[in-house]
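Structure record follows, encoded as structure tokens.
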Amino acid sequence: MSTQVSEASDAVVGTERRLNMIEAINEALDVMLERDPDVIVMGEDVGYFGGVFRCTAGLQEKHGKTRVFDTPISECGIIGVAVGMGAYGLRPVPEIQFADYIYPGLDQLISEAARLRYRSACEYIAPMTVRSPFGGGIFGGQTHSQSPEAIFTHVAGLKTVIPSTPYDAKGLLISCIEDNDPVIFFEPKRIYNGPFSGFYDKPAEPWKRFDASVVPEGHYKIPLGKARTVTEGEQLTILAYGTMVHVTEAVCKAKGVEAHILDLRTLMPLDIEAIEASVEKTGRCLIVHEATRTSGFGAELSALVTERCFYHLEAPVERVTGFDTPYPHSLEWAYFPGPVRIGEAIDKILKD
Amino acid sequence: MAKEPRTRKAPAKAKASVTAKPTAAPDDFILHSLQETHEKSRKYDASTEEMLHFYEQMLLIRRFEEKAGQLYGLGLIGGFCHLYIGQEAVAVGLQSALTEKLDSVITGYRDHGHMLAYGIDPKVIMAELTGRQAGISKGKGGSMHMFSTEHKFYGGHGIVGAQVALGGGLALAHQYNEDGGICLAYFGDGASNQGQVYETFNMAALWKLPIVFVIENNGYAMGTAVKRGSAETEFHRRGTAFRIPGMDVNGMDVLEVRNAAEIAFKHVREGNGPVLMELNTYRYRGHSMSDPAKYRTREEVQEQRDQHDPIDGLKKVLLEHGKTEEDIKAIDKDIRKIVAEAADFSESSPEPDPAELYTDVLVEEY
């Protein structure tokens with residue numbers, strides 16, 4: 001990793017530059033705006049205000065109003081316009097302020113963005129990266145907490161990417177922007193400022209205390225479709241992404257379980273080889289996500305593991321997910337698939 | 001910036017002005033007649049008693065919201081909390097003109113004021129904000145998602161603009177049931193740029209639905225000033241393409257709001273189809289509790305507070321009508337007591353039972 005020191009940053013520890021996920025995303029956008037005049041950042045409050053989570057802070061000042069601009073509150077229009085821009089050769093990076101607001105844009109995402117390449121036999125493509133904060137853990141209630149990733153993995157023609165660290169966020173976002181397909185880039189908002197252990201009554205820790213916050217300057221890429229090994233272990237495989245990577249890691253640490261935790265990073269394309277290799281080694285597989293259970297991405301993972309690794313499995317595949325309810329306001333921690341449920345699932349899978 | 005084409009190259013010189021379009025004949029349609037009626041006598045002729053009631057309601061909203069802000073700061077309210085401070089005259093002026101138990105109301109996420117203006121118990125509203133079992137929606141909705149069937153209050157919606165189409169449906173149901181009711185559908189200047197708002201405008205005008213669209217123009221869509229996010233900032237004109245008459249109303253004066261409401265509601269109740277009201281107002285606080293509001297100056301907010309405050313404005317009128325400072329102070333004391341009780345209630349009621357997580361997902365047992 002880079003040891004270059006940015007003098008402007010006050011988050012420098014030793015010789016390494018440490019960023020939180022917001023700063024890493026901001027830097028990825030900055031780098032791409034600088035490198036490629038076709039890249040355009042647009043969305044509600046992304047320009048003058050710098051984004052409600054500050055991911056686009058300073059970008060309009062630096063790159064001007066034609067490259068980084070505010071849109072009206074019109075999600076369907078934002079995505080639709082981005083499809084046209086992409087088809088005409090630009091690389092729009094629209095922000096949807098919360099993943100919960102993406103639904104008015106579904107028609108454009110599913111029927112236009114995802115399908116343009118296929119129905120024009122590659123005459124036209126619609127490269128774009130839709131960035132959107134997702135997931136719960138901030139008391140957002142049902143319209144500011146959802147994890148709708150499985151809606152998009154179900155659509156042929158879309159890629160779905162979810163980072164879990166500042167280092168990954170920057171490298172993955174750059175890959176997405178340079179990718180020629182439309183990508184949904186979901187940013188787990190609970191871990192923008194620091195990883196979340198799932199023990200919600202403990203004080204939050206900032207990213208700079210963790211090595212994954214060491215972010216090189218300039219351009220680097222993390223390829224789509226490559227999972228990351230979070231911890232090596234022989235007892236079981238845990239498949240997770242986003243916030244839940246950190247929760248599962250904390251639970252395993254607390255319980256003294258040696259799990260092979262895979263951070264999937266991209267759900268589509270999926271690193272099935274890494275999953276297979278791990279499950280063949282451990283013989284046990286736990287899947288953890290925050291989204292609701294039924295038809296969640298965990299169902300797909302469970303099916304894949306069962307199809308491909310059946311004769312290596314020593315216990316049924318387990319899933320720990322959000323419940324099949326709307327995301328609750330006041331019972332957030334009951335809904336959230338936290339340490340207790342994950343711990344119980346680990347016990348069960350190891351006992352079987 | 002909106003006026004310049006977005007291009008990498010320097011913008012081409014604007015064409016010489018085209019010949020002005022001929023204006024539509026004034027009798028073409030009645031888009032301005034309601035506004036003209038309103039301008040003839042802007043202020044509702046309220047009795048002192050009515051004015052006292054408006055004053056109490058506005059003050060209740062103000063003090064309630066101040067308390068909510070404090071509770072948020074103390075961590076008793078979590079997540080999102082959008083305060084109505086500054087906009088009190090809108091909800092009070094409009095809803096006081098509705099017919100209770102007949103008309104319906106639907107709004108966006110800044111909904112505390114609309115509920116209080118209905119006379120809904122502040123205790124159960126505050127308990128919803130703190131996410132308690134005793135909350136009006138059992139703590140399941142939170143600040144943005146509150147409902148009351150008793151008052152035909154259809155929420156409290158967290159998705160910007162989504163409630164407008166629902167309002168169209170409420171109005172259609174009023175019409176279908178021939179119950180004589182109208183729907184009051186609130187949304188903001190930001191929501192005015194959502195596509196579904198215009199789909200609803202078209203249907204409402206086409207079918208002459210009994211609906212009053214209310215745009216609470218507080219100047220900012222979150223952090224985006226209207227002029228930076230809207231091509232047409234005169235929102236009362238936004239219904240023109242659908243032949244919906246517009247009204248441009250001072251939302252900082254409860255008597256003007258009530259006057260306009262009388263005119264609009266009469267028009268809608270008589271079966272003439274929708275009306276679009278723009279209520280020009282101002283929110284003193286940030287968009288939500290997490291908004292430092294750096295997109296505007298301190299002076300701008302202070303000017304509104306000093307020159308246009310709806311509560312101070314009505315207080316002046318009340319004093320002119322023979323009420324004394326002591327009378328006003330007594331009201332203030334009562335309101336503070338009500339709000340303090342609501343806060344105590346909201347802090348002392350229990351959290352919802354975890355079993356509530358799985359209730360109300362579907363109507364049947366789940």
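So you can find residues: chains in the structure tokens are A, B, ... in the order shown, residues in each start at 1, and ligands are numbered from 1 in order.
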
### Contacts of B:Ala171 at 9 Å (only C-alpha atoms; same-chain gap of 2+ positions) as a list in words
Ser104, Leu166, Gly167, Gly168, Gly169, Ala173, His174, Gln175, Tyr176, Gly181, Ile182, Cys183, Leu184, Ala204, Leu209, Pro210 and Ile211 of chain B

Counting only C-alpha atoms, what are the residues of chain B within 7 Å of chain A, and for each of them which pair of atoms is the nearest and at what distance in Å, to one decimal? Sort the table by chain and rising number, as JSON lines.
```
{"residue": "B:Arg6", "atom": "CA", "partner": "A:Thr66", "partner_atom": "CA", "distance": 5.7}
{"residue": "B:Thr7", "atom": "CA", "partner": "A:Thr66", "partner_atom": "CA", "distance": 6.7}
{"residue": "B:Gly78", "atom": "CA", "partner": "A:Phe139", "partner_atom": "CA", "distance": 5.7}
{"residue": "B:Gly79", "atom": "CA", "partner": "A:Phe139", "partner_atom": "CA", "distance": 4.1}
{"residue": "B:Phe80", "atom": "CA", "partner": "A:Gly140", "partner_atom": "CA", "distance": 6.1}
{"residue": "B:Gly131", "atom": "CA", "partner": "A:Ser330", "partner_atom": "CA", "distance": 4.7}
{"residue": "B:Gly139", "atom": "CA", "partner": "A:Ser330", "partner_atom": "CA", "distance": 5.6}
{"residue": "B:Lys140", "atom": "CA", "partner": "A:His329", "partner_atom": "CA", "distance": 5.3}
{"residue": "B:Gly141", "atom": "CA", "partner": "A:His329", "partner_atom": "CA", "distance": 6.0}
{"residue": "B:Gly142", "atom": "CA", "partner": "A:His329", "partner_atom": "CA", "distance": 5.9}
{"residue": "B:Gly158", "atom": "CA", "partner": "A:Thr143", "partner_atom": "CA", "distance": 5.7}
{"residue": "B:Ile159", "atom": "CA", "partner": "A:Tyr101", "partner_atom": "CA", "distance": 6.6}
{"residue": "B:Gly190", "atom": "CA", "partner": "A:Ile73", "partner_atom": "CA", "distance": 5.9}
{"residue": "B:Ala191", "atom": "CA", "partner": "A:Ile73", "partner_atom": "CA", "distance": 6.3}
{"residue": "B:Asn193", "atom": "CA", "partner": "A:Ile73", "partner_atom": "CA", "distance": 5.6}
{"residue": "B:Gln194", "atom": "CA", "partner": "A:Ser74", "partner_atom": "CA", "distance": 4.7}
{"residue": "B:Gly195", "atom": "CA", "partner": "A:Ser74", "partner_atom": "CA", "distance": 6.6}
{"residue": "B:Gly223", "atom": "CA", "partner": "A:Phe49", "partner_atom": "CA", "distance": 6.1}
{"residue": "B:Thr224", "atom": "CA", "partner": "A:Asp45", "partner_atom": "CA", "distance": 6.1}
{"residue": "B:Gly229", "atom": "CA", "partner": "A:Pro72", "partner_atom": "CA", "distance": 4.9}
{"residue": "B:Ser230", "atom": "CA", "partner": "A:Pro72", "partner_atom": "CA", "distance": 6.7}
{"residue": "B:Tyr295", "atom": "CA", "partner": "A:Phe49", "partner_atom": "CA", "distance": 6.8}
{"residue": "B:Pro354", "atom": "CA", "partner": "A:Ala334", "partner_atom": "CA", "distance": 6.7}
{"residue": "B:Leu357", "atom": "CA", "partner": "A:Leu331", "partner_atom": "CA", "distance": 6.7}
{"residue": "B:Tyr358", "atom": "CA", "partner": "A:Thr325", "partner_atom": "CA", "distance": 6.4}
{"residue": "B:Val361", "atom": "CA", "partner": "A:Thr325", "partner_atom": "CA", "distance": 5.9}
```

Store the residues picked out above in a file with C-alpha atoms, as a JSON list (two decimals), in the first residue's frame.
```json
[["chain", "number", "residue", "atom", "x", "y", "z"],
["B", 6, "ARG", "CA", -24.70, 22.20, -19.81],
["B", 7, "THR", "CA", -21.93, 21.73, -22.30],
["B", 78, "GLY", "CA", -33.34, 8.66, 16.95],
["B", 79, "GLY", "CA", -32.95, 8.69, 13.21],
["B", 80, "PHE", "CA", -34.71, 11.40, 11.28],
["B", 131, "GLY", "CA", -40.41, 5.15, 19.27],
["B", 139, "GLY", "CA", -43.54, 3.32, 17.64],
["B", 140, "LYS", "CA", -43.40, 1.51, 14.33],
["B", 141, "GLY", "CA", -43.50, 4.57, 12.14],
["B", 142, "GLY", "CA", -41.37, 7.15, 13.90],
["B", 158, "GLY", "CA", -40.94, 9.36, 4.03],
["B", 159, "ILE", "CA", -40.56, 9.19, 0.25],
["B", 190, "GLY", "CA", -38.66, 19.76, -3.73],
["B", 191, "ALA", "CA", -41.35, 17.14, -4.24],
["B", 193, "ASN", "CA", -40.17, 18.00, -9.29],
["B", 194, "GLN", "CA", -41.24, 14.37, -8.95],
["B", 195, "GLY", "CA", -42.84, 12.91, -12.06],
["B", 223, "GLY", "CA", -30.06, 22.01, 0.81],
["B", 224, "THR", "CA", -31.04, 23.09, -2.69],
["B", 229, "GLY", "CA", -33.51, 23.03, -8.52],
["B", 230, "SER", "CA", -36.60, 24.28, -10.29],
["B", 295, "TYR", "CA", -26.58, 26.71, 2.31],
["B", 354, "PRO", "CA", -40.11, -7.28, 20.49],
["B", 357, "LEU", "CA", -41.69, -6.77, 15.07],
["B", 358, "TYR", "CA", -43.80, -9.36, 13.31],
["B", 361, "VAL", "CA", -46.78, -7.08, 8.33]]
```

### Shell around B:Asp309 at 9 Å using only C-alpha atoms, local window under 6 positions removed, as number ranges by chain
B: 86-87, 252-253

Produce a file of the selected residues containing N, CA and C atoms, as a PDB file, in the first residue's frame.
```pdb
ATOM      1  N   GLY B  86     -41.631  27.614  11.966  1.00  0.00           N
ATOM      2  CA  GLY B  86     -41.666  28.647  10.932  1.00  0.00           C
ATOM      3  C   GLY B  86     -42.852  28.474   9.986  1.00  0.00           C
ATOM      4  N   GLN B  87     -43.298  27.229   9.819  1.00  0.00           N
ATOM      5  CA  GLN B  87     -44.349  26.939   8.840  1.00  0.00           C
ATOM      6  C   GLN B  87     -45.730  26.766   9.486  1.00  0.00           C
ATOM      7  N   MET B 252     -47.036  32.788   5.724  1.00  0.00           N
ATOM      8  CA  MET B 252     -46.535  33.221   7.033  1.00  0.00           C
ATOM      9  C   MET B 252     -47.607  33.995   7.802  1.00  0.00           C
ATOM     10  N   ASP B 253     -48.825  34.047   7.234  1.00  0.00           N
ATOM     11  CA  ASP B 253     -49.916  34.763   7.902  1.00  0.00           C
ATOM     12  C   ASP B 253     -51.129  33.839   7.943  1.00  0.00           C
TER      13      ASP B 253
END
```

### Task
Identify, with DSSP run on backbone atoms, the residues in stretch 64-258 of chain B assigned to strand (DSSP E), and express the list as a PyMOL selection string.
chain B and resi 104-106+183-188+211-217+220-221+224-225+246-250

### Message
Excluding stretch 111-127 of chain B and its own-chain neighbours fewer than 5 positions away, which residues fall within 6 Å of it when counting only C-alpha atoms? Please give them as a ChimeraX atom specification.
### Response
/B:61,84,91-92,132,135-136,156,342,346

### Query
Would you give me, as an MDAnalysis selection string, the residues in stretch 38-223 of chain B that DSSP reads as alpha helix (DSSP H)?
chainID B and resid 38:40 48:73 88:95 112:117 122:129 162:177 195:206

With only C-alpha atoms as the counted atoms, please give the residues lying no more than 9 Å from B:Gly251, apart from itself and same-chain residues fewer than 3 positions off, as a PDB file with all heavy atoms, in the first residue's frame.
```pdb
ATOM      1  N   GLN B  87     -43.298  27.229   9.819  1.00  0.00           N
ATOM      2  CA  GLN B  87     -44.349  26.939   8.840  1.00  0.00           C
ATOM      3  C   GLN B  87     -45.730  26.766   9.486  1.00  0.00           C
ATOM      4  O   GLN B  87     -46.678  26.340   8.831  1.00  0.00           O
ATOM      5  CB  GLN B  87     -43.978  25.669   8.049  1.00  0.00           C
ATOM      6  CG  GLN B  87     -42.644  25.796   7.340  1.00  0.00           C
ATOM      7  CD  GLN B  87     -42.237  24.577   6.503  1.00  0.00           C
ATOM      8  OE1 GLN B  87     -41.066  24.318   6.358  1.00  0.00           O
ATOM      9  NE2 GLN B  87     -43.195  23.846   5.955  1.00  0.00           N
ATOM     10  N   GLU B  88     -45.837  27.101  10.781  1.00  0.00           N
ATOM     11  CA  GLU B  88     -47.038  26.774  11.553  1.00  0.00           C
ATOM     12  C   GLU B  88     -48.337  27.301  10.942  1.00  0.00           C
ATOM     13  O   GLU B  88     -49.385  26.651  10.998  1.00  0.00           O
ATOM     14  CB  GLU B  88     -46.918  27.317  12.985  1.00  0.00           C
ATOM     15  CG  GLU B  88     -45.797  26.706  13.816  1.00  0.00           C
ATOM     16  CD  GLU B  88     -44.479  27.458  13.708  1.00  0.00           C
ATOM     17  OE1 GLU B  88     -44.331  28.279  12.780  1.00  0.00           O
ATOM     18  OE2 GLU B  88     -43.595  27.236  14.565  1.00  0.00           O
ATOM     19  N   ALA B  89     -48.274  28.507  10.342  1.00  0.00           N
ATOM     20  CA  ALA B  89     -49.503  29.128   9.847  1.00  0.00           C
ATOM     21  C   ALA B  89     -50.136  28.313   8.720  1.00  0.00           C
ATOM     22  O   ALA B  89     -51.350  28.369   8.506  1.00  0.00           O
ATOM     23  CB  ALA B  89     -49.208  30.555   9.363  1.00  0.00           C
ATOM     24  N   VAL B  90     -49.317  27.550   8.015  1.00  0.00           N
ATOM     25  CA  VAL B  90     -49.832  26.798   6.870  1.00  0.00           C
ATOM     26  C   VAL B  90     -50.804  25.712   7.335  1.00  0.00           C
ATOM     27  O   VAL B  90     -51.972  25.680   6.934  1.00  0.00           O
ATOM     28  CB  VAL B  90     -48.679  26.179   6.048  1.00  0.00           C
ATOM     29  CG1 VAL B  90     -49.227  25.336   4.912  1.00  0.00           C
ATOM     30  CG2 VAL B  90     -47.763  27.271   5.508  1.00  0.00           C
ATOM     31  N   GLY B  93     -53.834  27.294   9.341  1.00  0.00           N
ATOM     32  CA  GLY B  93     -54.761  28.053   8.493  1.00  0.00           C
ATOM     33  C   GLY B  93     -55.571  27.159   7.575  1.00  0.00           C
ATOM     34  O   GLY B  93     -56.776  27.350   7.401  1.00  0.00           O
ATOM     35  N   GLU B 216     -46.032  23.440   0.017  1.00  0.00           N
ATOM     36  CA  GLU B 216     -45.425  24.263   1.056  1.00  0.00           C
ATOM     37  C   GLU B 216     -44.037  24.639   0.554  1.00  0.00           C
ATOM     38  O   GLU B 216     -43.104  23.856   0.646  1.00  0.00           O
ATOM     39  CB  GLU B 216     -45.324  23.489   2.376  1.00  0.00           C
ATOM     40  CG  GLU B 216     -46.671  23.210   3.005  1.00  0.00           C
ATOM     41  CD  GLU B 216     -46.562  22.744   4.448  1.00  0.00           C
ATOM     42  OE1 GLU B 216     -46.171  23.552   5.301  1.00  0.00           O
ATOM     43  OE2 GLU B 216     -46.875  21.572   4.725  1.00  0.00           O
ATOM     44  N   ASN B 217     -43.947  25.813   0.001  1.00  0.00           N
ATOM     45  CA  ASN B 217     -42.669  26.274  -0.547  1.00  0.00           C
ATOM     46  C   ASN B 217     -41.879  26.967   0.557  1.00  0.00           C
ATOM     47  O   ASN B 217     -42.098  28.143   0.841  1.00  0.00           O
ATOM     48  CB  ASN B 217     -42.925  27.218  -1.722  1.00  0.00           C
ATOM     49  CG  ASN B 217     -41.623  27.770  -2.304  1.00  0.00           C
ATOM     50  OD1 ASN B 217     -40.533  27.384  -1.884  1.00  0.00           O
ATOM     51  ND2 ASN B 217     -41.755  28.675  -3.263  1.00  0.00           N
ATOM     52  N   VAL B 254     -51.485  33.418   9.131  1.00  0.00           N
ATOM     53  CA  VAL B 254     -52.524  32.402   9.261  1.00  0.00           C
ATOM     54  C   VAL B 254     -53.880  32.908   8.728  1.00  0.00           C
ATOM     55  O   VAL B 254     -54.670  32.133   8.190  1.00  0.00           O
ATOM     56  CB  VAL B 254     -52.615  31.904  10.730  1.00  0.00           C
ATOM     57  CG1 VAL B 254     -53.190  32.976  11.644  1.00  0.00           C
ATOM     58  CG2 VAL B 254     -53.411  30.621  10.830  1.00  0.00           C
ATOM     59  N   GLU B 256     -54.334  35.009   6.204  1.00  0.00           N
ATOM     60  CA  GLU B 256     -54.294  34.938   4.745  1.00  0.00           C
ATOM     61  C   GLU B 256     -54.431  33.498   4.274  1.00  0.00           C
ATOM     62  O   GLU B 256     -55.103  33.220   3.280  1.00  0.00           O
ATOM     63  CB  GLU B 256     -52.990  35.560   4.207  1.00  0.00           C
ATOM     64  CG  GLU B 256     -52.948  37.063   4.368  1.00  0.00           C
ATOM     65  CD  GLU B 256     -51.797  37.708   3.599  1.00  0.00           C
ATOM     66  OE1 GLU B 256     -51.531  37.286   2.464  1.00  0.00           O
ATOM     67  OE2 GLU B 256     -51.170  38.632   4.163  1.00  0.00           O
ATOM     68  N   VAL B 257     -53.788  32.587   4.997  1.00  0.00           N
ATOM     69  CA  VAL B 257     -53.882  31.168   4.629  1.00  0.00           C
ATOM     70  C   VAL B 257     -55.335  30.711   4.731  1.00  0.00           C
ATOM     71  O   VAL B 257     -55.873  30.075   3.822  1.00  0.00           O
ATOM     72  CB  VAL B 257     -52.985  30.300   5.533  1.00  0.00           C
ATOM     73  CG1 VAL B 257     -53.175  28.818   5.214  1.00  0.00           C
ATOM     74  CG2 VAL B 257     -51.517  30.682   5.378  1.00  0.00           C
ATOM     75  N   GLU B 278     -49.989  27.365  -3.642  1.00  0.00           N
ATOM     76  CA  GLU B 278     -48.594  27.514  -3.223  1.00  0.00           C
ATOM     77  C   GLU B 278     -48.585  28.344  -1.953  1.00  0.00           C
ATOM     78  O   GLU B 278     -49.042  29.489  -1.942  1.00  0.00           O
ATOM     79  CB  GLU B 278     -47.760  28.210  -4.303  1.00  0.00           C
ATOM     80  CG  GLU B 278     -46.327  28.457  -3.836  1.00  0.00           C
ATOM     81  CD  GLU B 278     -45.473  29.225  -4.852  1.00  0.00           C
ATOM     82  OE1 GLU B 278     -45.988  29.562  -5.940  1.00  0.00           O
ATOM     83  OE2 GLU B 278     -44.311  29.497  -4.532  1.00  0.00           O
ATOM     84  N   LEU B 279     -48.087  27.760  -0.879  1.00  0.00           N
ATOM     85  CA  LEU B 279     -47.983  28.472   0.385  1.00  0.00           C
ATOM     86  C   LEU B 279     -46.535  28.879   0.574  1.00  0.00           C
ATOM     87  O   LEU B 279     -45.676  28.032   0.785  1.00  0.00           O
ATOM     88  CB  LEU B 279     -48.437  27.575   1.534  1.00  0.00           C
ATOM     89  CG  LEU B 279     -49.937  27.470   1.832  1.00  0.00           C
ATOM     90  CD1 LEU B 279     -50.496  28.809   2.255  1.00  0.00           C
ATOM     91  CD2 LEU B 279     -50.735  26.942   0.669  1.00  0.00           C
ATOM     92  N   ASN B 280     -46.278  30.143   0.466  1.00  0.00           N
ATOM     93  CA  ASN B 280     -44.896  30.624   0.597  1.00  0.00           C
ATOM     94  C   ASN B 280     -44.546  30.762   2.065  1.00  0.00           C
ATOM     95  O   ASN B 280     -45.117  31.564   2.785  1.00  0.00           O
ATOM     96  CB  ASN B 280     -44.754  31.953  -0.131  1.00  0.00           C
ATOM     97  CG  ASN B 280     -44.917  31.761  -1.611  1.00  0.00           C
ATOM     98  OD1 ASN B 280     -44.016  31.256  -2.284  1.00  0.00           O
ATOM     99  ND2 ASN B 280     -46.086  32.092  -2.130  1.00  0.00           N
ATOM    100  N   THR B 281     -43.621  29.936   2.482  1.00  0.00           N
ATOM    101  CA  THR B 281     -43.317  29.876   3.901  1.00  0.00           C
ATOM    102  C   THR B 281     -41.809  29.737   4.094  1.00  0.00           C
ATOM    103  O   THR B 281     -41.045  29.950   3.143  1.00  0.00           O
ATOM    104  CB  THR B 281     -44.123  28.721   4.557  1.00  0.00           C
ATOM    105  OG1 THR B 281     -43.856  28.674   5.940  1.00  0.00           O
ATOM    106  CG2 THR B 281     -43.781  27.373   3.942  1.00  0.00           C
ATOM    107  N   TYR B 282     -41.390  29.415   5.305  1.00  0.00           N
ATOM    108  CA  TYR B 282     -39.957  29.358   5.583  1.00  0.00           C
ATOM    109  C   TYR B 282     -39.729  28.456   6.783  1.00  0.00           C
ATOM    110  O   TYR B 282     -40.442  28.565   7.770  1.00  0.00           O
ATOM    111  CB  TYR B 282     -39.430  30.770   5.895  1.00  0.00           C
ATOM    112  CG  TYR B 282     -37.933  30.884   5.777  1.00  0.00           C
ATOM    113  CD1 TYR B 282     -37.342  31.094   4.536  1.00  0.00           C
ATOM    114  CD2 TYR B 282     -37.120  30.758   6.889  1.00  0.00           C
ATOM    115  CE1 TYR B 282     -35.964  31.174   4.409  1.00  0.00           C
ATOM    116  CE2 TYR B 282     -35.735  30.842   6.769  1.00  0.00           C
ATOM    117  CZ  TYR B 282     -35.171  31.053   5.529  1.00  0.00           C
ATOM    118  OH  TYR B 282     -33.799  31.130   5.402  1.00  0.00           O
ATOM    119  N   PRO B 310     -45.062  33.945  11.922  1.00  0.00           N
ATOM    120  CA  PRO B 310     -46.525  33.843  11.953  1.00  0.00           C
ATOM    121  C   PRO B 310     -47.119  34.002  13.351  1.00  0.00           C
ATOM    122  O   PRO B 310     -48.235  34.518  13.500  1.00  0.00           O
ATOM    123  CB  PRO B 310     -46.793  32.434  11.405  1.00  0.00           C
ATOM    124  CG  PRO B 310     -45.516  31.678  11.584  1.00  0.00           C
ATOM    125  CD  PRO B 310     -44.419  32.683  11.488  1.00  0.00           C
TER     126      PRO B 310
END
```

### Message
Give me, as a list of chain:residue names, all polymer residues having an atom no more than 12 Å from A:Ala345, counting only C-alpha atoms and skipping those fewer than 5 positions away in the same chain.
### Response
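Those residues are A:Leu236, A:Ile238, A:Thr248, A:Val251, A:Cys252, A:Arg284, A:Cys285, A:Leu286, A:Ile287, A:Val288, A:Ala315, A:Pro316, A:Val317, A:Glu318, A:Arg319, A:Val320, A:Thr321, A:Pro337, A:Gly338, A:Pro339, A:Val340, A:Leu350, A:Lys351, A:Asp352.
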
### Query
Using only C-alpha atoms, which of B:Leu255, B:Val275, B:Val363, B:Ile338 sits nearest B:Met51?
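The answer is B:Leu255, which sits nearest to B:Met51.
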
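Going from atom CA of B:Pro350 over to atom CA of B:Gln57, you cover 28.0 Å.
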
### Task
Tell me which of A:Ile79, A:Tyr167, A:Asn26, A:Glu273 sits closest to A:Pro216, counting only C-alpha atoms.
A:Tyr167

### Query
Hey, can you check how far atom CA of A:Trp207 sits from atom CA of A:Pro166?
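Result for atom CA of A:Trp207 versus atom CA of A:Pro166: 8.0 Å, one decimal.
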
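We find atom CA of B:Gly246 and atom CA of B:Lys43 to be spaced 17.9 Å apart.
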